[in-house]
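Enquirer: Have a peek at final13.cif (mmCIF, C-alpha atoms).
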```cif
data_my_file
#
loop_
_atom_site.label_atom_id
_atom_site.label_comp_id
_atom_site.auth_asym_id
_atom_site.auth_seq_id
_atom_site.Cartn_x
_atom_site.Cartn_y
_atom_site.Cartn_z
CA MET A 1 -135.84 214.16 123.28
CA GLY A 2 -138.07 212.70 125.96
CA THR A 3 -141.12 213.82 123.95
CA HIS A 4 -142.50 212.46 120.70
CA ALA A 5 -140.34 214.07 118.03
CA MET A 6 -143.17 215.58 116.03
CA SER A 7 -144.74 217.28 119.09
CA ALA A 8 -141.56 218.40 120.89
CA ARG A 9 -141.18 222.02 121.94
CA ILE A 10 -138.29 223.49 119.93
CA VAL A 11 -136.63 226.84 120.50
CA VAL A 12 -134.23 228.30 117.93
CA VAL A 13 -131.94 231.08 119.16
CA GLY A 14 -130.79 233.19 116.23
CA ALA A 15 -133.02 234.40 113.41
CA GLY A 16 -130.49 234.59 110.59
CA GLN A 17 -130.38 232.28 107.60
CA ALA A 18 -129.62 229.17 109.69
CA GLY A 19 -132.29 229.84 112.31
CA HIS A 20 -134.97 230.75 109.79
CA GLN A 21 -134.23 227.69 107.68
CA THR A 22 -134.39 225.40 110.72
CA ALA A 23 -137.90 226.60 111.49
CA ALA A 24 -138.97 226.39 107.83
CA PHE A 25 -137.57 222.87 107.36
CA LEU A 26 -139.15 221.64 110.60
CA ARG A 27 -142.62 222.67 109.47
CA GLU A 28 -141.94 221.36 105.96
CA ARG A 29 -141.10 217.95 107.47
CA GLY A 30 -144.29 217.82 109.50
CA HIS A 31 -143.16 218.94 112.93
CA GLU A 32 -146.30 219.91 114.87
CA GLY A 33 -145.00 221.01 118.26
CA PRO A 34 -144.48 224.56 119.53
CA LEU A 35 -141.72 226.31 117.58
CA THR A 36 -140.12 229.56 118.74
CA LEU A 37 -137.60 231.63 116.75
CA VAL A 38 -135.68 234.13 118.90
CA GLY A 39 -133.90 237.02 117.16
CA ASP A 40 -132.36 240.19 118.52
CA GLU A 41 -132.84 242.54 115.55
CA GLY A 42 -136.60 243.03 115.70
CA ILE A 43 -137.07 242.58 111.94
CA LEU A 44 -137.88 239.70 109.61
CA PRO A 45 -135.07 237.22 108.88
CA TYR A 46 -133.14 238.46 105.85
CA GLU A 47 -130.42 237.63 103.34
CA ARG A 48 -126.98 238.93 104.24
CA PRO A 49 -125.00 238.50 100.96
CA PRO A 50 -126.72 241.45 99.19
CA LEU A 51 -125.73 243.84 102.01
CA SER A 52 -122.21 244.29 100.60
CA LYS A 53 -123.36 244.41 96.98
CA ALA A 54 -126.84 245.07 95.59
CA TYR A 55 -128.26 246.75 98.69
CA LEU A 56 -125.36 249.20 98.96
CA LYS A 57 -125.60 250.05 95.28
CA GLY A 58 -129.34 250.57 95.48
CA THR A 59 -130.20 247.79 93.02
CA ALA A 60 -132.02 245.90 95.80
CA ASP A 61 -134.19 247.53 98.45
CA GLU A 62 -134.97 246.18 101.90
CA SER A 63 -138.20 244.51 100.82
CA GLN A 64 -136.13 242.23 98.58
CA LEU A 65 -133.93 241.07 101.48
CA TRP A 66 -136.59 239.27 103.53
CA LEU A 67 -136.27 235.48 103.39
CA ARG A 68 -140.04 235.09 103.83
CA PRO A 69 -142.90 237.55 104.42
CA GLU A 70 -144.53 238.01 107.82
CA THR A 71 -147.43 235.84 106.73
CA PHE A 72 -145.13 232.81 106.38
CA TYR A 73 -144.45 232.69 110.11
CA ALA A 74 -148.10 233.15 111.04
CA ARG A 75 -149.24 230.53 108.55
CA ASN A 76 -146.70 228.03 109.86
CA THR A 77 -147.28 228.92 113.53
CA VAL A 78 -143.67 229.92 114.10
CA GLU A 79 -143.58 232.22 117.12
CA ARG A 80 -141.15 235.06 116.44
CA VAL A 81 -139.72 236.59 119.61
CA THR A 82 -137.50 239.67 119.70
CA GLY A 83 -134.86 239.64 122.41
CA SER A 84 -131.33 238.69 123.38
CA ALA A 85 -130.79 235.28 124.96
CA VAL A 86 -128.63 235.83 128.05
CA GLY A 87 -129.05 232.66 130.09
CA LEU A 88 -129.44 228.95 129.56
CA ASP A 89 -130.52 226.49 132.26
CA ARG A 90 -129.68 223.10 130.82
CA ALA A 91 -131.17 221.14 133.73
CA ALA A 92 -134.54 222.90 133.46
CA ARG A 93 -134.21 223.23 129.67
CA THR A 94 -135.04 226.91 129.60
CA VAL A 95 -133.66 229.96 127.81
CA ARG A 96 -133.82 233.33 129.55
CA LEU A 97 -133.95 236.55 127.55
CA ALA A 98 -132.65 239.97 128.58
CA ASP A 99 -136.22 241.15 129.32
CA GLY A 100 -136.58 238.37 131.90
CA SER A 101 -138.86 236.16 129.87
CA VAL A 102 -138.18 232.42 129.96
CA HIS A 103 -138.76 229.93 127.14
CA ARG A 104 -138.86 226.20 127.81
CA TYR A 105 -137.58 223.69 125.25
CA ASP A 106 -137.37 219.97 124.62
CA HIS A 107 -134.66 220.71 122.08
CA LEU A 108 -132.70 223.91 121.59
CA VAL A 109 -130.99 224.98 118.36
CA LEU A 110 -128.23 227.56 118.71
CA ALA A 111 -127.92 229.54 115.49
CA THR A 112 -126.35 232.56 117.15
CA GLY A 113 -124.12 233.42 114.19
CA ALA A 114 -121.05 235.62 114.34
CA ARG A 115 -120.30 239.30 114.84
CA ALA A 116 -117.88 241.45 112.88
CA ARG A 117 -114.38 241.58 114.30
CA ALA A 118 -113.38 245.10 115.34
CA LEU A 119 -109.90 246.46 114.71
CA PRO A 120 -108.20 246.71 118.13
CA VAL A 121 -106.43 250.00 117.41
CA PRO A 122 -106.77 253.58 118.71
CA GLY A 123 -109.64 255.46 117.12
CA ALA A 124 -111.66 252.37 116.16
CA GLY A 125 -114.71 253.92 117.81
CA LEU A 126 -114.66 257.12 115.77
CA ARG A 127 -117.64 258.08 113.67
CA GLY A 128 -117.11 256.95 110.11
CA VAL A 129 -115.42 253.67 111.08
CA HIS A 130 -117.79 250.81 110.26
CA THR A 131 -118.16 247.07 110.17
CA LEU A 132 -120.59 245.25 107.90
CA ARG A 133 -122.49 242.28 109.24
CA SER A 134 -126.10 243.30 109.77
CA LEU A 135 -128.78 245.29 107.97
CA ALA A 136 -128.29 248.06 110.55
CA ASP A 137 -124.60 248.16 109.60
CA ALA A 138 -125.49 248.34 105.91
CA ARG A 139 -128.01 251.11 106.50
CA ALA A 140 -125.39 253.21 108.32
CA LEU A 141 -122.77 252.57 105.65
CA LYS A 142 -125.17 253.41 102.83
CA ALA A 143 -126.19 256.66 104.49
CA GLN A 144 -122.62 257.84 105.09
CA LEU A 145 -121.19 256.60 101.80
CA THR A 146 -123.09 259.24 99.86
CA GLY A 147 -120.85 262.10 100.92
CA ALA A 148 -117.57 260.21 101.35
CA ALA A 149 -114.61 261.44 99.32
CA HIS A 150 -111.96 258.99 100.57
CA VAL A 151 -112.96 255.43 101.41
CA VAL A 152 -110.53 252.99 103.05
CA VAL A 153 -111.22 249.28 103.40
CA ALA A 154 -109.26 247.30 105.98
CA GLY A 155 -109.04 243.70 104.81
CA ALA A 156 -109.13 242.17 101.33
CA GLY A 157 -111.42 239.26 102.08
CA PHE A 158 -114.79 238.73 100.44
CA VAL A 159 -116.70 241.41 102.38
CA GLY A 160 -113.94 243.99 101.99
CA LEU A 161 -113.54 243.44 98.25
CA GLU A 162 -117.28 243.29 97.58
CA PHE A 163 -117.78 246.56 99.43
CA ALA A 164 -114.77 248.11 97.65
CA ALA A 165 -116.26 247.15 94.28
CA ALA A 166 -119.68 248.56 95.18
CA ALA A 167 -118.19 251.81 96.50
CA GLN A 168 -116.06 252.28 93.39
CA GLU A 169 -119.07 251.67 91.13
CA LEU A 170 -120.85 254.42 93.06
CA GLY A 171 -118.00 256.80 92.13
CA HIS A 172 -115.85 256.76 95.26
CA SER A 173 -112.08 256.72 95.59
CA VAL A 174 -111.25 253.45 97.39
CA THR A 175 -108.04 252.16 98.97
CA VAL A 176 -107.91 248.58 100.24
CA VAL A 177 -105.34 247.82 102.95
CA GLU A 178 -104.38 244.17 103.53
CA ALA A 179 -101.83 242.89 106.05
CA LEU A 180 -101.08 239.79 104.00
CA GLY A 181 -99.38 239.66 100.63
CA ARG A 182 -102.46 239.24 98.42
CA PRO A 183 -106.25 239.46 98.47
CA LEU A 184 -108.42 236.50 99.47
CA ALA A 185 -105.34 234.95 101.07
CA ARG A 186 -107.36 232.63 103.31
CA ALA A 187 -110.15 231.93 100.85
CA ALA A 188 -108.76 231.38 97.34
CA SER A 189 -105.76 230.26 95.32
CA ALA A 190 -102.94 232.52 94.21
CA ALA A 191 -104.20 232.49 90.60
CA THR A 192 -107.72 233.56 91.59
CA ALA A 193 -106.36 236.18 94.00
CA GLU A 194 -104.18 237.68 91.27
CA HIS A 195 -107.16 237.92 88.92
CA PHE A 196 -109.24 239.84 91.47
CA ALA A 197 -106.34 242.11 92.40
CA ARG A 198 -105.98 243.08 88.74
CA LEU A 199 -109.75 243.46 88.38
CA HIS A 200 -109.90 245.99 91.22
CA GLU A 201 -106.87 247.89 89.94
CA ARG A 202 -108.34 248.09 86.43
CA HIS A 203 -111.47 249.65 87.91
CA GLY A 204 -109.45 252.24 89.79
CA ASN A 205 -109.20 250.80 93.28
CA ARG A 206 -105.86 251.07 95.04
CA LEU A 207 -104.60 247.93 96.80
CA LEU A 208 -101.89 248.07 99.49
CA PHE A 209 -100.53 244.69 100.62
CA GLY A 210 -98.27 243.86 103.55
CA GLN A 211 -99.66 246.80 105.52
CA GLY A 212 -101.57 246.78 108.78
CA ILE A 213 -103.52 249.63 110.35
CA THR A 214 -102.15 251.00 113.61
CA GLY A 215 -104.79 253.64 114.30
CA PHE A 216 -107.39 256.11 113.10
CA HIS A 217 -106.99 259.87 113.36
CA ALA A 218 -109.89 262.21 113.95
CA GLU A 219 -110.87 265.65 112.85
CA GLY A 220 -112.23 268.13 115.39
CA THR A 221 -115.77 266.75 115.28
CA GLY A 222 -114.79 263.24 116.35
CA ARG A 223 -115.06 261.81 112.87
CA VAL A 224 -112.35 259.78 111.21
CA ALA A 225 -110.08 261.80 108.95
CA ALA A 226 -107.08 259.53 108.32
CA VAL A 227 -105.84 255.96 108.65
CA GLU A 228 -102.33 255.30 109.93
CA LEU A 229 -100.45 252.34 108.41
CA THR A 230 -97.73 250.22 109.96
CA ASP A 231 -95.08 252.01 107.88
CA GLY A 232 -96.20 255.35 109.31
CA ARG A 233 -98.06 256.64 106.27
CA LEU A 234 -101.37 258.45 106.73
CA LEU A 235 -104.17 257.80 104.27
CA PRO A 236 -106.98 260.37 104.05
CA ALA A 237 -110.28 258.71 104.98
CA ASP A 238 -113.72 259.99 105.81
CA LEU A 239 -115.24 256.52 105.73
CA VAL A 240 -113.59 253.22 106.75
CA LEU A 241 -114.88 249.67 106.53
CA ALA A 242 -113.16 247.17 108.80
CA GLY A 243 -113.57 243.88 106.96
CA VAL A 244 -111.20 241.79 109.05
CA GLY A 245 -113.29 238.72 109.74
CA ALA A 246 -115.90 237.66 112.26
CA VAL A 247 -116.05 236.21 115.76
CA PRO A 248 -118.55 233.43 116.52
CA CYS A 249 -121.20 234.32 119.08
CA THR A 250 -120.52 231.64 121.69
CA GLU A 251 -121.17 233.49 124.96
CA LEU A 252 -124.51 231.81 125.67
CA ALA A 253 -122.98 228.36 125.10
CA GLU A 254 -119.91 229.17 127.20
CA THR A 255 -121.87 230.37 130.22
CA ALA A 256 -123.99 227.21 130.02
CA GLY A 257 -120.88 225.02 130.14
CA LEU A 258 -121.07 223.68 126.58
CA ASP A 259 -117.82 222.79 124.81
CA VAL A 260 -116.46 225.81 122.93
CA ALA A 261 -113.23 225.93 120.93
CA GLY A 262 -113.18 228.50 118.14
CA GLY A 263 -116.94 228.01 117.90
CA ILE A 264 -119.60 225.91 119.61
CA VAL A 265 -118.25 222.39 119.31
CA VAL A 266 -120.62 219.87 117.72
CA ASP A 267 -120.34 216.28 116.51
CA SER A 268 -121.03 214.94 113.02
CA ARG A 269 -124.78 215.15 113.73
CA LEU A 270 -124.40 218.81 114.81
CA LEU A 271 -125.16 218.01 118.45
CA THR A 272 -123.32 219.89 121.18
CA SER A 273 -121.97 218.27 124.33
CA ASP A 274 -125.59 218.41 125.56
CA PRO A 275 -127.79 215.99 123.58
CA HIS A 276 -130.74 218.37 123.91
CA ILE A 277 -128.89 221.21 122.15
CA SER A 278 -127.74 221.54 118.53
CA ALA A 279 -125.58 224.31 117.06
CA ILE A 280 -125.47 225.27 113.39
CA GLY A 281 -124.28 227.94 110.98
CA ASP A 282 -121.62 230.56 111.60
CA CYS A 283 -121.30 229.77 115.31
CA ALA A 284 -120.69 226.01 115.00
CA MET A 285 -117.34 224.21 114.91
CA PHE A 286 -117.94 220.84 113.26
CA PRO A 287 -116.08 217.85 111.84
CA HIS A 288 -116.19 217.22 108.09
CA PRO A 289 -114.86 214.29 106.07
CA ARG A 290 -113.16 216.69 103.64
CA ALA A 291 -111.12 218.37 106.38
CA THR A 292 -108.43 217.11 108.73
CA THR A 293 -109.50 219.42 111.57
CA PRO A 294 -112.91 220.80 112.65
CA LEU A 295 -114.31 223.68 110.59
CA ARG A 296 -116.35 226.81 111.14
CA ILE A 297 -117.82 227.98 107.84
CA GLU A 298 -119.63 231.25 107.17
CA SER A 299 -121.76 230.67 104.09
CA VAL A 300 -125.37 230.44 102.98
CA GLN A 301 -124.81 226.85 101.84
CA ASN A 302 -123.52 225.79 105.24
CA ALA A 303 -126.35 227.53 107.10
CA VAL A 304 -129.06 225.99 104.91
CA ASP A 305 -127.61 222.47 104.75
CA GLN A 306 -126.94 222.31 108.49
CA ALA A 307 -130.47 223.57 109.20
CA ARG A 308 -131.81 220.82 106.95
CA LEU A 309 -129.83 218.12 108.77
CA VAL A 310 -131.03 219.26 112.21
CA ALA A 311 -134.63 219.44 111.01
CA ASP A 312 -134.28 215.94 109.57
CA ARG A 313 -132.85 214.61 112.85
CA LEU A 314 -135.54 216.26 114.98
CA THR A 315 -138.24 214.71 112.79
CA GLY A 316 -136.78 211.20 112.80
CA THR A 317 -134.05 210.95 110.14
CA THR A 318 -130.52 210.87 111.49
CA ARG A 319 -127.41 211.22 109.33
CA THR A 320 -123.99 212.81 109.54
CA TYR A 321 -123.05 216.14 108.04
CA ASP A 322 -120.93 215.72 104.92
CA ASP A 323 -122.52 218.20 102.50
CA LEU A 324 -120.13 219.69 99.95
CA PRO A 325 -119.18 223.27 100.88
CA TRP A 326 -119.59 225.89 98.16
CA PHE A 327 -119.31 229.66 98.10
CA TRP A 328 -119.68 232.62 95.78
CA SER A 329 -118.68 236.28 95.53
CA THR A 330 -119.61 238.96 93.01
CA GLN A 331 -117.26 241.90 92.45
CA PHE A 332 -117.88 244.35 89.62
CA SER A 333 -119.18 242.12 86.79
CA ALA A 334 -117.14 239.07 87.86
CA THR A 335 -118.62 236.18 89.80
CA LEU A 336 -116.38 233.76 91.65
CA GLN A 337 -117.86 230.36 92.54
CA ILE A 338 -115.96 227.89 94.72
CA ALA A 339 -116.81 224.21 95.17
CA GLY A 340 -115.05 222.18 97.84
CA LEU A 341 -112.37 223.07 100.36
CA GLY A 342 -109.03 224.15 98.92
CA HIS A 343 -107.16 224.51 102.22
CA GLY A 344 -103.92 222.57 102.16
CA HIS A 345 -103.79 222.10 98.39
CA ASP A 346 -100.34 221.36 97.01
CA ALA A 347 -100.97 221.97 93.30
CA GLU A 348 -103.22 224.15 91.16
CA LEU A 349 -104.07 223.98 87.49
CA VAL A 350 -105.71 226.79 85.53
CA VAL A 351 -108.25 225.86 82.85
CA GLY A 352 -109.33 228.66 80.52
CA GLU A 353 -108.05 232.20 80.12
CA PRO A 354 -107.80 234.45 83.20
CA ASP A 355 -107.20 237.48 80.96
CA SER A 356 -110.62 236.95 79.39
CA GLY A 357 -112.34 236.67 82.76
CA SER A 358 -113.44 233.09 82.06
CA PHE A 359 -111.40 230.40 83.81
CA SER A 360 -111.34 227.79 86.55
CA VAL A 361 -108.58 226.88 88.99
CA LEU A 362 -108.46 223.20 89.92
CA LEU A 363 -106.89 222.56 93.32
CA PHE A 364 -105.27 219.21 94.13
CA ARG A 365 -103.87 217.58 97.24
CA ASP A 366 -101.83 214.40 96.83
CA ASP A 367 -102.90 214.43 93.15
CA ARG A 368 -106.59 214.36 94.11
CA LEU A 369 -109.04 217.10 93.19
CA ILE A 370 -110.30 218.82 96.35
CA ALA A 371 -111.75 222.14 95.12
CA VAL A 372 -112.52 224.18 92.02
CA GLU A 373 -112.64 227.99 91.80
CA SER A 374 -114.54 229.25 88.76
CA VAL A 375 -114.73 232.79 87.42
CA GLY A 376 -117.30 233.43 84.71
CA ARG A 377 -117.82 229.67 84.23
CA PRO A 378 -121.03 228.60 85.98
CA ALA A 379 -121.12 225.30 84.06
CA ASP A 380 -117.65 224.46 85.42
CA HIS A 381 -118.91 225.19 88.93
CA MET A 382 -121.92 222.91 88.57
CA ALA A 383 -119.75 220.13 87.10
CA ALA A 384 -117.25 220.56 89.93
CA ARG A 385 -120.00 220.23 92.53
CA ARG A 386 -121.19 217.02 90.88
CA LEU A 387 -117.67 215.60 90.69
CA LEU A 388 -116.71 216.47 94.26
CA ALA A 389 -120.01 215.57 95.90
CA GLY A 390 -120.12 212.27 94.04
CA GLY A 391 -116.54 211.36 94.84
CA ILE A 392 -115.81 211.05 91.10
CA PRO A 393 -112.03 210.91 90.75
CA LEU A 394 -109.98 213.41 88.77
CA VAL A 395 -106.19 213.37 88.86
CA ARG A 396 -103.93 216.14 87.67
CA TRP A 397 -102.63 214.46 84.51
CA GLU A 398 -106.20 214.03 83.24
CA ALA A 399 -106.94 217.72 83.80
CA ALA A 400 -103.70 218.73 82.04
CA ALA A 401 -104.84 217.23 78.71
CA ALA A 402 -105.26 219.82 75.95
CA ASP A 403 -108.92 218.94 75.33
CA PHE A 404 -109.93 218.62 79.01
CA THR A 405 -113.14 220.14 80.32
CA LEU A 406 -114.88 219.53 83.63
CA LYS A 407 -118.17 218.90 81.83
CA GLY A 408 -116.52 216.41 79.51
CA HIS A 409 -114.85 214.56 82.36
CA LEU A 410 -118.12 214.36 84.25
CA LYS A 411 -119.89 212.95 81.20
CA ALA A 412 -117.12 210.44 80.56
CA ARG A 413 -117.24 209.20 84.13
CA THR A 414 -121.01 209.16 84.61
CA GLY A 415 -122.51 209.16 81.14
CA ARG A 416 -124.49 212.25 82.11
CA LEU A 417 -123.79 215.89 81.24
CA VAL A 418 -124.15 218.62 83.82
CA PRO A 419 -127.24 220.76 83.14
CA THR A 420 -126.52 224.13 81.61
CA PRO A 421 -127.06 226.85 84.27
CA ALA A 422 -130.01 229.14 83.69
#
```
Could you quickly redo this structure as C-alpha cells?
Expert:
Amino acid sequence: MGTHAMSARIVVVGAGQAGHQTAAFLRERGHEGPLTLVGDEGILPYERPPLSKAYLKGTADESQLWLRPETFYARNTVERVTGSAVGLDRAARTVRLADGSVHRYDHLVLATGARARALPVPGAGLRGVHTLRSLADARALKAQLTGAAHVVVAGAGFVGLEFAAAAQELGHSVTVVEALGRPLARAASAATAEHFARLHERHGNRLLFGQGITGFHAEGTGRVAAVELTDGRLLPADLVLAGVGAVPCTELAETAGLDVAGGIVVDSRLLTSDPHISAIGDCAMFPHPRATTPLRIESVQNAVDQARLVADRLTGTTRTYDDLPWFWSTQFSATLQIAGLGHGHDAELVVGEPDSGSFSVLLFRDDRLIAVESVGRPADHMAARRLLAGGIPLVRWEAAAADFTLKGHLKARTGRLVPTPA
C-alpha cells in the first residue's frame, strides 16, 4: 500500500454489515492506522435480516438491530462519518462526499451495498407502494401496515415471502404476485419452492404465479388503491411491497473508471482493477471456485467472510476467497437453511418428509453434491456445511440408501460427528 500495513490510512465507504465488519476485523487484527467508516444513513450500523421479519412483527425493536453500540466505535477509534460519497480521485487517493469534505486513503474499501429495485410501471411512485432494504423502509412499512386491509407483494423471493408471512401473522390479507412459475425460482429447488408455496397457502396467503404487474391505480388522494396484472385483472391494494430484487450500488466505482459488470469487478483477493481499492459484499462481483461464472451474493455470510478476507490482507495475510456460501430464511415457523450453490444442478434428492416440515433437498451436478437445502433440520445444515466446505465427496447413490443421513455420512468419512446445534 506504500505505507506500513498496520499504520495505513483506510477508508471504508458503506456502513452496512460488510463495512462495519471490515472496520471491526481490522482493529481485531491489530491495525493501528486511521480508520474511517462512511455511511449515508446517519445511524449505527445495523442488521438487515430482521427488517422483514422480527422488526415488522414487533418482536424486535430498533435497539436490538445495532451490530455494535456507539461505544464500540469510540473504543476502537473508528471514525464514523455520515455522508454520501460522490467522487473518487484515484490518483490522489481521496474520496469526496456530497458535503464537499475530502477523505484521503492509502487503501479504500467499497462496501456500497445494493438498493432495492423499483418496479418500472405507471404508479410506482404512489403513496403506499414500498420497497424494503433499509431501516427507513421498514419504519415506513411498519407504520402503514397497521391500517392496511389489502396487502399485495410483488415478487416471491426471500424478502417478498418473509414480508408476506409477517404481514399475514399480523392479521392482514396478503396476495403475492410472481412473474415466474413458482416461488424462490432463482434461489431454491423445485421441492423446496413447493413446500413454501403450500406453507403460505395453508396460512391463508394467496399466491398468483405467471403474472406480472403492469401498473398501480390510485384513489383520489394519490394513494395506491389497486394493482393491475398482465392479464388485466385489478387487485385491491392499499399497501404494496415491491420485492423484485436489488441493484448493486456501483456509481462511485463507475465514475472513477473501475471495472464494473453487474457489480464492481474484483479478483479472487477481492481487489478491484485498482490495487489500492477493494470491493466487498452486495456490490462486488467476484470469482468463486464453486461457480463457473463470477457471482454477486447478497447475504450476511458473504458480507462477513469477505470483510474478514480484506482485513486479513490489509494486515499481512493474503489468501483467495473460497468461503462456502450459506443462507437462511424464516417464514412463519419454518426456517430454510441453504449450504452451497445449487445453480445449475441436474438432480435433486429429498431426505426426510416435506409434509412434516422436516426435510433436506440434496442438489447434485454431474453426480456430485453441490448444495443442500434444509427445512427444520439444523443438524443437516451443519453437516452439509462441513461436507461441502471440506470437499468430502457424496454421490447420489450413497444418498439414496434407505438408512442414509448427512450426519452419518460425515461421521463415516471423517470419524467425527457434527455438533448438535444449540
Enquirer: Using all atoms listed in the file for the distances, tell me which of A:Arg182, A:His276, A:His343, A:Arg206 is nearest to Arg90 of chain A.
Expert: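 Selected residue with least distance to Arg90 of chain A: A:His276.
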Enquirer: Taking the file above as input, evaluate the PyMOL selection byres ((chain A and resi 81-88) around 10) and report the hits as a VMD selection string.
Expert: chain A and resid 13 to 15 36 to 43 78 to 80 89 to 104 108 112 251 to 257
Enquirer: Have a look at atom CA of His150 of chain A and atom CA of Val240 of chain A and let me know their distance in Å, one decimal.
Expert: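 Taking atom CA of His150 of chain A as the start and atom CA of Val240 of chain A as the end point, the length is 8.6 Å.
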Enquirer: Restricting the calculation to only C-alpha atoms, which member of A:Ala339, A:Gly390, A:Leu314, A:Gly344 is positioned closest to Thr293 of chain A?
Expert: A:Gly344
Enquirer: From the list A:Val300, A:Met6, A:Ala190, A:Ala242, which residue is nearest Leu119 of chain A when using only C-alpha atoms?
Expert: A:Ala242
Enquirer: Which residues, protein or nucleic acid, reach to within 12 Å of (-98.4, 248.9, 100.2) in the file's coordinates when using all atoms listed in the file, and can you give that as a PyMOL selection string?
Expert: chain A and resi 175-182+206-213+229-235
Enquirer: What's the 10 Å shell around Leu199 of chain A, counting all atoms listed in the file, without same-chain residues fewer than 3 positions away, as a list in words?
Expert: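 My list of contacting residues is Ala165, Ala193, Glu194, His195, Phe196, Arg202, His203, Gly204, Asn205, Gln331, Phe332, Ser333, Ala334, Asp355 and Gly357 of chain A.
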